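Participant: This is the content of final-v2.pdb (PDB, C-alpha atoms):
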```pdb
ATOM      1  CA  MET W 259       2.847  31.506  18.639
ATOM      2  CA  ASP W 260      -0.218  33.296  17.307
ATOM      3  CA  LYS W 261      -3.132  32.245  19.501
ATOM      4  CA  LYS W 262      -5.730  33.053  16.912
ATOM      5  CA  GLU W 263      -4.090  30.791  14.410
ATOM      6  CA  GLU W 264      -3.890  27.888  16.820
ATOM      7  CA  GLY W 265      -7.265  27.869  18.557
ATOM      8  CA  THR W 266     -10.091  28.866  16.249
ATOM      9  CA  VAL W 267     -11.765  27.368  13.225
ATOM     10  CA  GLU W 268     -11.595  29.857  10.368
ATOM     11  CA  GLU W 269     -11.633  27.392   7.557
ATOM     12  CA  PRO W 270     -12.698  23.746   7.334
ATOM     13  CA  LEU W 271      -9.238  22.247   7.597
ATOM     14  CA  ASP W 272      -8.674  24.007  10.945
ATOM     15  CA  LEU W 273     -11.202  21.616  12.411
ATOM     16  CA  ILE W 274      -9.072  18.703  11.323
ATOM     17  CA  ARG W 275      -5.939  20.330  12.735
ATOM     18  CA  LEU W 276      -7.621  20.727  16.122
ATOM     19  CA  SER W 277      -8.494  17.024  16.050
ATOM     20  CA  LEU W 278      -4.866  15.901  15.925
ATOM     21  CA  ASP W 279      -4.110  13.379  18.677
ATOM     22  CA  GLU W 280      -7.852  12.820  19.188
ATOM     23  CA  ARG W 281     -10.126   9.974  18.180
ATOM     24  CA  ILE W 282     -12.181  10.934  15.154
ATOM     25  CA  PHE W 283     -14.946   9.368  13.089
ATOM     26  CA  VAL W 284     -14.485   9.122   9.324
ATOM     27  CA  LYS W 285     -17.146   8.161   6.834
ATOM     28  CA  MET W 286     -15.724   6.681   3.654
ATOM     29  CA  ARG W 287     -17.069   5.702   0.261
ATOM     30  CA  GLN W 288     -18.405   2.183  -0.291
ATOM     31  CA  ASP W 289     -20.234   2.179   3.052
ATOM     32  CA  ARG W 290     -17.140   2.110   5.225
ATOM     33  CA  GLU W 291     -16.673   3.902   8.521
ATOM     34  CA  LEU W 292     -13.529   4.392  10.557
ATOM     35  CA  LYS W 293     -12.852   5.357  14.151
ATOM     36  CA  GLY W 294      -9.290   6.069  15.129
ATOM     37  CA  LYS W 295      -6.801   8.487  16.610
ATOM     38  CA  LEU W 296      -5.622  11.104  14.120
ATOM     39  CA  HIS W 297      -1.873  11.569  13.818
ATOM     40  CA  ALA W 298      -1.374  13.218  10.437
ATOM     41  CA  TYR W 299      -3.325  14.815   7.617
ATOM     42  CA  ASP W 300      -2.743  16.995   4.558
ATOM     43  CA  GLN W 301      -4.881  19.257   2.348
ATOM     44  CA  HIS W 302      -6.149  16.250   0.342
ATOM     45  CA  LEU W 303      -7.398  14.707   3.603
ATOM     46  CA  ASN W 304      -4.915  11.894   3.361
ATOM     47  CA  MET W 305      -4.611  10.762   6.975
ATOM     48  CA  ILE W 306      -2.809   8.460   9.354
ATOM     49  CA  LEU W 307      -4.949   6.937  12.099
ATOM     50  CA  SER W 308      -3.994   4.546  14.874
ATOM     51  CA  ASP W 309      -6.006   1.885  16.716
ATOM     52  CA  VAL W 310      -8.548   1.963  13.943
ATOM     53  CA  GLU W 311     -11.852   0.186  13.974
ATOM     54  CA  GLU W 312     -13.332  -0.166  10.511
ATOM     55  CA  THR W 313     -17.007  -0.956  10.054
ATOM     56  CA  MET W 314     -18.302  -2.112   6.695
ATOM     57  CA  LYS W 315     -21.885  -2.649   5.592
ATOM     58  CA  VAL W 316     -22.287  -5.990   3.848
ATOM     59  CA  VAL W 317     -25.201  -8.007   2.563
ATOM     60  CA  GLN W 318     -25.344 -11.293   4.446
ATOM     61  CA  ILE W 319     -27.522 -14.331   4.033
ATOM     62  CA  ASP W 320     -29.239 -15.933   6.995
ATOM     63  CA  SER W 321     -28.107 -19.559   6.919
ATOM     64  CA  ASP W 322     -31.443 -20.826   8.309
ATOM     65  CA  THR W 323     -34.031 -18.882   6.361
ATOM     66  CA  GLY W 324     -31.914 -18.020   3.320
ATOM     67  CA  GLU W 325     -33.017 -14.436   3.756
ATOM     68  CA  GLU W 326     -30.675 -11.584   2.946
ATOM     69  CA  PHE W 327     -30.078  -8.822   5.416
ATOM     70  CA  ILE W 328     -27.588  -6.065   5.965
ATOM     71  CA  GLY W 329     -24.918  -6.836   8.470
ATOM     72  CA  THR W 330     -21.750  -5.119   9.546
ATOM     73  CA  GLU W 331     -18.232  -6.419   9.345
ATOM     74  CA  LYS W 332     -15.627  -5.056  11.713
ATOM     75  CA  ARG W 333     -11.875  -5.203  11.799
ATOM     76  CA  ASN W 334      -9.146  -3.546  13.814
ATOM     77  CA  ILE W 335      -5.988  -2.068  12.349
ATOM     78  CA  LYS W 336      -3.095  -0.797  14.464
ATOM     79  CA  MET W 337      -1.788   1.913  12.130
ATOM     80  CA  LEU W 338      -3.490   2.943   8.923
ATOM     81  CA  PHE W 339      -2.880   5.397   6.105
ATOM     82  CA  VAL W 340      -6.157   6.531   4.529
ATOM     83  CA  ARG W 341      -6.173   8.040   1.059
ATOM     84  CA  GLY W 342      -8.125  11.316   1.056
ATOM     85  CA  ASP W 343     -10.120  10.764  -2.140
ATOM     86  CA  GLY W 344     -12.253   8.132  -0.401
ATOM     87  CA  VAL W 345     -13.251  10.364   2.499
ATOM     88  CA  ILE W 346     -16.830  11.678   2.696
ATOM     89  CA  LEU W 347     -16.893  13.291   6.135
ATOM     90  CA  ILE W 348     -14.859  13.654   9.292
ATOM     91  CA  SER W 349     -16.302  14.230  12.728
ATOM     92  CA  PRO W 350     -14.149  15.339  15.666
ATOM     93  CA  PRO W 351     -14.668  13.859  19.135
ATOM     94  CA  LEU W 352     -17.517  15.167  21.254
ATOM     95  CA  ARG W 353     -16.133  17.447  23.898
ATOM     96  CA  THR W 354     -17.802  17.732  27.288
ATOM     97  CA  SER W 355     -16.066  20.836  28.558
TER      98      SER W 355
ATOM     99  CA  MET G1428       8.077  19.737 -11.764
ATOM    100  CA  SER G1429      10.232  16.889 -10.731
ATOM    101  CA  PHE G1430       9.960  13.555 -12.409
ATOM    102  CA  GLY G1431       6.998  11.802 -10.789
ATOM    103  CA  SER G1432       7.073   8.143 -11.610
ATOM    104  CA  SER G1433      10.822   8.115 -11.964
ATOM    105  CA  SER G1434      10.798   4.805 -10.209
ATOM    106  CA  LEU G1435       9.489   3.170 -13.391
ATOM    107  CA  GLY G1436      12.944   3.500 -14.950
ATOM    108  CA  ASP G1437      13.903   0.032 -13.791
ATOM    109  CA  GLU G1438      10.941  -1.475 -15.624
ATOM    110  CA  VAL G1439      11.874  -0.213 -19.100
ATOM    111  CA  ASP G1440      12.344  -3.096 -21.577
ATOM    112  CA  LYS G1441      10.882  -5.536 -19.055
ATOM    113  CA  LYS G1442       7.849  -7.730 -19.529
ATOM    114  CA  LEU G1443       4.973  -6.335 -17.494
ATOM    115  CA  ILE G1444       1.376  -7.113 -16.756
ATOM    116  CA  VAL G1445      -0.730  -3.970 -16.705
ATOM    117  CA  VAL G1446      -4.029  -4.071 -14.832
ATOM    118  CA  LEU G1447      -6.503  -1.357 -15.784
ATOM    119  CA  ARG G1448      -9.352   0.139 -13.769
ATOM    120  CA  ASP G1449     -11.964  -1.719 -15.805
ATOM    121  CA  GLY G1450     -10.227  -4.989 -14.916
ATOM    122  CA  LYS G1451      -8.601  -5.602 -18.298
ATOM    123  CA  LYS G1452      -5.089  -7.083 -18.268
ATOM    124  CA  PHE G1453      -2.424  -6.425 -20.867
ATOM    125  CA  ILE G1454       0.976  -8.075 -21.028
ATOM    126  CA  GLY G1455       3.833  -6.593 -23.025
ATOM    127  CA  THR G1456       7.286  -5.108 -22.967
ATOM    128  CA  MET G1457       7.340  -1.555 -21.634
ATOM    129  CA  ARG G1458       9.376   0.677 -23.907
ATOM    130  CA  THR G1459       8.797   4.098 -22.365
ATOM    131  CA  PHE G1460       6.840   5.964 -19.690
ATOM    132  CA  ASP G1461       6.339   9.499 -18.343
ATOM    133  CA  GLN G1462       5.499  11.244 -15.066
ATOM    134  CA  PHE G1463       1.773  10.467 -15.410
ATOM    135  CA  ALA G1464       2.557   6.752 -15.677
ATOM    136  CA  ASN G1465       1.490   6.846 -19.324
ATOM    137  CA  ILE G1466       3.265   3.899 -20.903
ATOM    138  CA  VAL G1467       4.014   2.362 -24.299
ATOM    139  CA  LEU G1468       3.845  -1.421 -24.513
ATOM    140  CA  GLN G1469       5.269  -3.482 -27.366
ATOM    141  CA  ASP G1470       4.117  -6.963 -28.453
ATOM    142  CA  THR G1471       1.063  -6.499 -26.286
ATOM    143  CA  ILE G1472      -1.359  -9.306 -25.617
ATOM    144  CA  GLU G1473      -4.657  -9.037 -23.829
ATOM    145  CA  ARG G1474      -5.149 -11.852 -21.330
ATOM    146  CA  VAL G1475      -8.578 -12.709 -19.964
ATOM    147  CA  TYR G1476      -8.874 -14.866 -16.842
ATOM    148  CA  VAL G1477     -12.018 -16.658 -15.733
ATOM    149  CA  GLY G1478     -11.673 -19.074 -12.845
ATOM    150  CA  ASP G1479      -8.824 -21.453 -13.698
ATOM    151  CA  CYS G1480      -8.903 -20.662 -17.426
ATOM    152  CA  TYR G1481      -7.257 -17.946 -19.467
ATOM    153  CA  SER G1482      -6.788 -16.921 -23.075
ATOM    154  CA  ASP G1483      -4.562 -14.503 -24.987
ATOM    155  CA  LYS G1484      -5.015 -12.248 -27.972
ATOM    156  CA  SER G1485      -2.135 -10.459 -29.754
ATOM    157  CA  LEU G1486      -2.685  -6.752 -30.198
ATOM    158  CA  GLY G1487       0.653  -5.088 -31.078
ATOM    159  CA  VAL G1488       1.835  -1.721 -29.807
ATOM    160  CA  PHE G1489      -0.208   0.046 -27.137
ATOM    161  CA  PHE G1490      -0.127   3.483 -25.563
ATOM    162  CA  ILE G1491      -1.877   3.302 -22.200
ATOM    163  CA  ARG G1492      -3.032   6.458 -20.448
ATOM    164  CA  GLY G1493      -1.759   6.589 -16.875
ATOM    165  CA  ASP G1494      -5.152   7.430 -15.300
ATOM    166  CA  ASN G1495      -6.406   3.980 -16.171
ATOM    167  CA  VAL G1496      -3.538   2.052 -14.650
ATOM    168  CA  VAL G1497      -4.083   0.212 -11.378
ATOM    169  CA  ILE G1498      -0.952  -1.913 -11.201
ATOM    170  CA  LEU G1499       2.133  -2.535 -13.264
ATOM    171  CA  GLY G1500       3.523  -5.940 -12.314
ATOM    172  CA  GLU G1501       6.928  -7.134 -13.348
ATOM    173  CA  ILE G1502       6.553 -10.681 -14.683
ATOM    174  CA  ASP G1503       8.997 -12.923 -12.898
ATOM    175  CA  PRO G1504      10.120 -15.801 -15.177
ATOM    176  CA  ASP G1505      10.486 -18.167 -12.201
ATOM    177  CA  LYS G1506       7.018 -17.433 -10.926
ATOM    178  CA  GLU G1507       5.527 -17.446 -14.419
ATOM    179  CA  VAL G1508       5.934 -21.239 -14.430
ATOM    180  CA  GLN G1509       3.393 -21.488 -11.620
ATOM    181  CA  GLU G1510       0.835 -19.976 -13.906
ATOM    182  CA  LYS G1511       1.042 -23.138 -15.993
ATOM    183  CA  ARG G1512      -1.446 -24.780 -13.656
ATOM    184  CA  LEU G1513      -4.045 -22.585 -15.287
ATOM    185  CA  GLN G1514      -5.705 -23.961 -18.365
ATOM    186  CA  LYS G1515      -5.343 -22.157 -21.674
ATOM    187  CA  VAL G1516      -8.522 -22.106 -23.739
ATOM    188  CA  SER G1517      -9.528 -20.483 -27.023
ATOM    189  CA  TRP G1518     -10.454 -16.802 -27.237
ATOM    190  CA  ASP G1519     -14.055 -17.627 -28.161
ATOM    191  CA  GLU G1520     -14.310 -19.983 -25.205
ATOM    192  CA  ILE G1521     -13.000 -17.416 -22.732
ATOM    193  CA  GLN G1522     -15.409 -14.802 -24.054
ATOM    194  CA  LYS G1523     -18.303 -17.142 -23.339
ATOM    195  CA  LEU G1524     -17.030 -17.926 -19.846
ATOM    196  CA  TYR G1525     -16.449 -14.249 -19.228
ATOM    197  CA  GLU G1526     -19.982 -13.279 -20.248
ATOM    198  CA  LEU G1527     -21.402 -15.913 -17.910
ATOM    199  CA  GLU G1528     -19.313 -14.686 -15.012
ATOM    200  CA  LYS G1529     -20.193 -11.080 -15.735
ATOM    201  CA  GLN G1530     -23.905 -11.873 -15.744
ATOM    202  CA  LYS G1531     -23.589 -13.672 -12.426
ATOM    203  CA  LYS G1532     -21.752 -10.732 -10.886
ATOM    204  CA  GLU G1533     -24.284  -8.254 -12.183
ATOM    205  CA  GLU G1534     -27.147 -10.257 -10.743
ATOM    206  CA  GLU G1535     -25.446 -10.393  -7.358
ATOM    207  CA  GLU G1536     -24.785  -6.688  -7.533
ATOM    208  CA  GLN G1537     -28.408  -5.950  -8.386
ATOM    209  CA  LEU G1538     -29.648  -8.052  -5.494
ATOM    210  CA  LYS G1539     -27.295  -6.270  -3.138
ATOM    211  CA  ARG G1540     -28.403  -2.914  -4.458
ATOM    212  CA  LYS G1541     -32.050  -3.815  -3.970
ATOM    213  CA  ILE G1542     -31.531  -4.939  -0.392
ATOM    214  CA  MET G1543     -29.545  -1.836   0.402
ATOM    215  CA  THR G1544     -32.052   0.578  -1.114
ATOM    216  CA  ASP G1545     -34.955  -1.271   0.519
ATOM    217  CA  SER G1546     -33.303  -0.561   3.853
ATOM    218  CA  GLY G1547     -32.925   3.081   2.952
ATOM    219  CA  LEU G1548     -29.200   2.933   2.293
ATOM    220  CA  THR G1549     -27.419   4.106  -0.779
ATOM    221  CA  ILE G1550     -24.753   1.911  -2.184
ATOM    222  CA  ASP G1551     -21.571   2.729  -4.034
ATOM    223  CA  SER G1552     -21.470   0.091  -6.690
ATOM    224  CA  ILE G1553     -18.185  -1.715  -7.119
ATOM    225  CA  LEU G1554     -19.117  -2.071 -10.763
ATOM    226  CA  ASN G1555     -19.216   1.674 -11.136
ATOM    227  CA  ILE G1556     -15.694   2.213 -12.352
ATOM    228  CA  ASP G1557     -15.870   5.986 -12.058
ATOM    229  CA  GLU G1558     -15.738   5.479  -8.331
ATOM    230  CA  PHE G1559     -12.389   3.849  -8.608
TER     231      PHE G1559
ATOM    232  CA  MET Q1184       4.791  16.608   0.870
ATOM    233  CA  LEU Q1185       4.232  15.358   4.431
ATOM    234  CA  PHE Q1186       3.187  11.876   3.366
ATOM    235  CA  PHE Q1187       5.810  11.666   0.643
ATOM    236  CA  SER Q1188       8.512  12.357   3.268
ATOM    237  CA  PHE Q1189       6.844   9.975   5.676
ATOM    238  CA  TYR Q1190       6.791   7.096   3.185
ATOM    239  CA  LYS Q1191      10.460   7.652   2.421
ATOM    240  CA  THR Q1192      11.227   6.800   6.053
ATOM    241  CA  LEU Q1193       9.437   3.455   5.573
ATOM    242  CA  VAL Q1194      11.497   2.252   2.598
ATOM    243  CA  GLY Q1195      12.534  -1.367   3.157
ATOM    244  CA  LYS Q1196       9.705  -1.995   5.645
ATOM    245  CA  GLU Q1197       6.803  -4.347   5.101
ATOM    246  CA  ILE Q1198       3.458  -2.689   4.340
ATOM    247  CA  THR Q1199       0.094  -3.873   3.066
ATOM    248  CA  VAL Q1200      -1.533  -1.808   0.355
ATOM    249  CA  GLU Q1201      -5.282  -2.187   0.024
ATOM    250  CA  LEU Q1202      -6.678  -1.034  -3.323
ATOM    251  CA  LYS Q1203     -10.101   0.376  -4.120
ATOM    252  CA  ASN Q1204     -10.931  -2.843  -6.006
ATOM    253  CA  ASP Q1205     -10.329  -4.815  -2.752
ATOM    254  CA  LEU Q1206      -7.029  -6.320  -3.922
ATOM    255  CA  SER Q1207      -4.631  -6.396  -0.961
ATOM    256  CA  ILE Q1208      -0.882  -6.660  -1.515
ATOM    257  CA  THR Q1209       1.789  -7.109   1.143
ATOM    258  CA  GLY Q1210       5.399  -6.402   0.287
ATOM    259  CA  LEU Q1211       8.541  -4.471   1.080
ATOM    260  CA  LEU Q1212       8.310  -0.779   0.229
ATOM    261  CA  GLN Q1213      10.890  -0.164  -2.464
ATOM    262  CA  SER Q1214      10.141   3.425  -3.447
ATOM    263  CA  VAL Q1215       7.532   6.153  -3.459
ATOM    264  CA  ASP Q1216       7.084   9.417  -5.400
ATOM    265  CA  GLN Q1217       5.224  12.681  -4.792
ATOM    266  CA  PHE Q1218       1.939  11.272  -6.182
ATOM    267  CA  LEU Q1219       2.290   8.537  -3.573
ATOM    268  CA  ASN Q1220       2.712   5.936  -6.287
ATOM    269  CA  ILE Q1221       4.219   2.947  -4.526
ATOM    270  CA  LYS Q1222       6.653   0.262  -5.607
ATOM    271  CA  LEU Q1223       6.612  -3.008  -3.695
ATOM    272  CA  LYS Q1224       9.137  -5.839  -3.690
ATOM    273  CA  ASP Q1225       8.610  -9.565  -2.974
ATOM    274  CA  ILE Q1226       4.863  -9.228  -2.873
ATOM    275  CA  LYS Q1227       2.237 -11.566  -1.498
ATOM    276  CA  VAL Q1228      -1.389 -11.169  -2.499
ATOM    277  CA  ASN Q1229      -4.117 -11.830   0.062
ATOM    278  CA  GLU Q1230      -6.740 -14.253  -1.309
ATOM    279  CA  GLU Q1231      -4.359 -15.101  -4.127
ATOM    280  CA  GLU Q1232      -6.763 -17.581  -5.721
ATOM    281  CA  LYS Q1233      -9.094 -14.699  -6.570
ATOM    282  CA  TYR Q1234      -6.386 -12.872  -8.494
ATOM    283  CA  PRO Q1235      -4.671 -15.381 -10.831
ATOM    284  CA  TYR Q1236      -2.997 -12.586 -12.807
ATOM    285  CA  MET Q1237      -0.840 -11.734  -9.798
ATOM    286  CA  ILE Q1238       0.713 -15.226  -9.581
ATOM    287  CA  SER Q1239       3.692 -14.414 -11.796
ATOM    288  CA  VAL Q1240       4.353 -10.986 -10.280
ATOM    289  CA  GLN Q1241       7.085 -10.479  -7.699
ATOM    290  CA  ASN Q1242       7.635  -6.714  -7.863
ATOM    291  CA  CYS Q1243       5.008  -4.160  -8.761
ATOM    292  CA  PHE Q1244       4.182  -0.491  -9.205
ATOM    293  CA  ILE Q1245       0.872   0.679  -7.727
ATOM    294  CA  ARG Q1246      -0.644   3.939  -8.905
ATOM    295  CA  GLY Q1247      -1.295   6.183  -5.901
ATOM    296  CA  SER Q1248      -4.806   7.085  -7.032
ATOM    297  CA  VAL Q1249      -6.081   3.497  -6.728
ATOM    298  CA  VAL Q1250      -5.017   3.077  -3.099
ATOM    299  CA  ARG Q1251      -7.705   2.940  -0.424
ATOM    300  CA  TYR Q1252      -5.612   2.171   2.663
ATOM    301  CA  VAL Q1253      -2.049   1.322   3.554
ATOM    302  CA  HIS Q1254      -1.530  -0.796   6.657
ATOM    303  CA  LEU Q1255       1.616   0.503   8.348
ATOM    304  CA  PRO Q1256       4.063  -1.121  10.767
ATOM    305  CA  ALA Q1257       3.010   0.675  13.971
ATOM    306  CA  GLY Q1258       6.436   0.367  15.563
ATOM    307  CA  ASP Q1259       8.058   2.356  12.763
ATOM    308  CA  VAL Q1260       5.660   5.287  12.939
ATOM    309  CA  ASP Q1261       6.588   8.229  15.161
ATOM    310  CA  VAL Q1262       3.205   9.803  15.842
ATOM    311  CA  GLU Q1263       4.601  12.827  17.705
ATOM    312  CA  THR Q1264       6.700  13.879  14.730
ATOM    313  CA  LEU Q1265       3.796  13.305  12.372
ATOM    314  CA  GLN Q1266       1.515  15.557  14.403
ATOM    315  CA  ASP Q1267       4.140  18.307  14.556
ATOM    316  CA  HIS Q1268       4.695  18.083  10.820
ATOM    317  CA  SER Q1269       0.957  18.185  10.144
ATOM    318  CA  ARG Q1270       0.645  21.445  12.114
ATOM    319  CA  LEU Q1271       3.680  22.896  10.390
ATOM    320  CA  GLU Q1272       2.391  22.019   6.968
ATOM    321  CA  ALA Q1273      -1.047  23.450   7.747
ATOM    322  CA  ARG Q1274       0.614  26.740   8.701
ATOM    323  CA  GLU Q1275       2.743  26.763   5.551
ATOM    324  CA  GLN Q1276      -0.320  26.035   3.455
ATOM    325  CA  LYS Q1277      -2.172  28.988   5.000
ATOM    326  CA  LYS Q1278       0.724  31.342   4.359
ATOM    327  CA  VAL Q1279       0.837  30.348   0.705
ATOM    328  CA  GLN Q1280      -2.911  30.895   0.469
ATOM    329  CA  GLN Q1281      -2.754  34.352   2.063
ATOM    330  CA  GLN Q1282       0.081  35.406  -0.228
ATOM    331  CA  ALA Q1283      -1.862  34.289  -3.259
ATOM    332  CA  GLN Q1284      -4.904  36.275  -2.072
ATOM    333  CA  GLN Q1285      -2.825  39.386  -1.507
ATOM    334  CA  GLN Q1286      -1.280  39.104  -4.924
ATOM    335  CA  ALA Q1287      -4.694  38.689  -6.498
ATOM    336  CA  GLN Q1288      -5.958  41.817  -4.685
ATOM    337  CA  GLN Q1289      -2.930  43.838  -5.734
ATOM    338  CA  ALA Q1290      -3.378  42.739  -9.325
ATOM    339  CA  GLN Q1291      -7.002  43.894  -9.198
ATOM    340  CA  GLN Q1292      -6.097  47.333  -7.862
ATOM    341  CA  LYS Q1293      -3.646  47.975 -10.680
TER     342      LYS Q1293
END
```
Once more with this new file: its structure as structure tokens, please.

Facilitator:
Amino acid sequence: MDKKEEGTVEEPLDLIRLSLDERIFVKMRQDRELKGKLHAYDQHLNMILSDVEETMKVVQIDSDTGEEFIGTEKRNIKMLFVRGDGVILISPPLRTS
Amino acid sequence: MSFGSSSLGDEVDKKLIVVLRDGKKFIGTMRTFDQFANIVLQDTIERVYVGDCYSDKSLGVFFIRGDNVVILGEIDPDKEVQEKRLQKVSWDEIQKLYELEKQKKEEEEQLKRKIMTDSGLTIDSILNIDEF
Amino acid sequence: MLFFSFYKTLVGKEITVELKNDLSITGLLQSVDQFLNIKLKDIKVNEEEKYPYMISVQNCFIRGSVVRYVHLPAGDVDVETLQDHSRLEAREQKKVQQQAQQQAQQAQQK
């Protein structure tokens, strides 16, 4: 196998390829963020992630003071397909080599 | 190019509810479709729902551009009966109810937007249909 | 084509499709096409009371472009195969790109 093809980042999508089987961070539209292990992707940035934690920004109301504030809502999803058109950015795991 | 939405073949001549991106709902008999999910509906009615009320308006034959389609739902006659628990009101009445609901939603949305921007966050509005 | 092929292996399985307007529908995957339009059978809508228009619907067609997420049955997903296919497809994609570039260069020289 061509080493150059496998190991270096020549174009943006190479970065995603090198993140396969790693936990990545994905920022999505509508103030959603995902963390999960990447198992598949295509050129549209459709993806399949496992053990996903989704964080959503929501406006909540303090039940005592009646004041609104921004809170986060979290949920966990075992296996998730993410449609690429909602993706804003993808960040690979930090490597301490 | 192979035939994209070929799976819609089963739905031809069936009664469908079509939900569009702007939230409008049309009910009619689908006569034809193509690979973009463009469809032609016959005997179309527009149905507006607000809370437990709904109202219909007859509109005739419709061509609907596929881009705008969210869902095509096959209307099941057995399940349609369940819908009878909803109350049918006049078209004028539903328009009034709809306007009220819309205003309420917009106010909520504005409040949310204000809080978000005050905290230095940008918000993707759910009312902004281009996002969808 | 990777995801199209993948979804075909899930036909008959239960999935939950979450749309960009927050509507969430669970049902059996009946079919899928190359735009990732999805047909579901025997559907159940989460928070049904918020979506009265879905009451009388049992089977539906969802346009691929309005999908935000699809919750998949983890046990039916072979992650090893997916990763291999992703690498393969990336390589194929690059080849196609390089060929197109070469052709464009040759056309310019003529």

Participant: Separation of atom CA of Gln1288 of chain Q and atom CA of Gly265 of chain W, in Å?

Facilitator: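 The value is 27.1 Å.
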
Participant: Could you check which of Q:Met1184, Q:Ile1221, Q:Ala1257, Q:Leu1206 is closest to chain W, using all atoms listed in the file?

Facilitator: Q:Ala1257

Participant: Report the residues retrieved by the PyMOL selection byres ((chain W) within 12 of (chain G)) from the displayed file, expressed as an MDAnalysis selection string.

Facilitator: chainID W and resid 286:290 314:319 325:329 343:344

Participant: Within 12 Å of chain G, which residues belong to chain Q? Use all atoms listed in the file and report them as a VMD selection string.

Facilitator: chain Q and resid 1187 1200 to 1208 1213 to 1226 1232 to 1251

Participant: Residues of chain W no more than 8 Å from chain Q, counting all atoms listed in the file: send them over as a PyMOL selection string.

Facilitator: chain W and resi 275+278-279+297-301+335-341+344

Participant: Could you write out as a ChimeraX atom specification the residues that the PyMOL selection byres ((chain G and resi 1456) around 8) matches in the shown file?

Facilitator: /G:1439-1443,1454-1455,1457-1458,1468-1471

Participant: Grab the atom CA of Gln1282 of chain Q to atom CA of Glu269 of chain W distance for me, in Å with one decimal place.

Facilitator: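 We find that atom CA of Gln1282 of chain Q and atom CA of Glu269 of chain W lie 16.2 Å from each other.
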
Participant: If we draw a sphere of 6 Å around (0.7, 2.4, -22.6), which residues have at least one atom in it when counting all atoms listed in the file? Please report them as number ranges by chain.

Facilitator: G: 1465-1468, 1489-1492

Participant: How big is the axis-aligned box around all listed atoms of segment 1510-1518 of chain G once 8 Å goes on each side, and where's its centre, in Å to one decimal, as lines of an AutoDock Vina configuration file?

Facilitator:
```
center_x = -4.7
center_y = -20.8
center_z = -20.4
size_x = 27.5
size_y = 24.0
size_z = 29.6
```

Participant: Counting all atoms listed in the file, which residue out of W:Thr313, W:Glu331, W:Ile346, W:Leu352 sits closest to Glu291 of chain W?

Facilitator: W:Thr313

Participant: Tell me, in Å to one decimal, how far atom CA of Lys1278 of chain Q is from atom CA of Ser277 of chain W.

Facilitator: 20.7 Å

Participant: What would the selection look like, as a PyMOL selection string, if the PyMOL selection byres ((chain Q and resi 1194) around 9) were run on the coordinates I just shared?

Facilitator: chain Q and resi 1190-1193+1195-1197+1211-1215

Participant: Compile the contact shell of Asp1519 of chain G as a ChimeraX atom specification: residues with an atom at most 12 Å away, counting only C-alpha atoms, same-chain residues fewer than 3 positions apart removed.

Facilitator: /G:1475,1481-1484,1515-1516,1522-1526
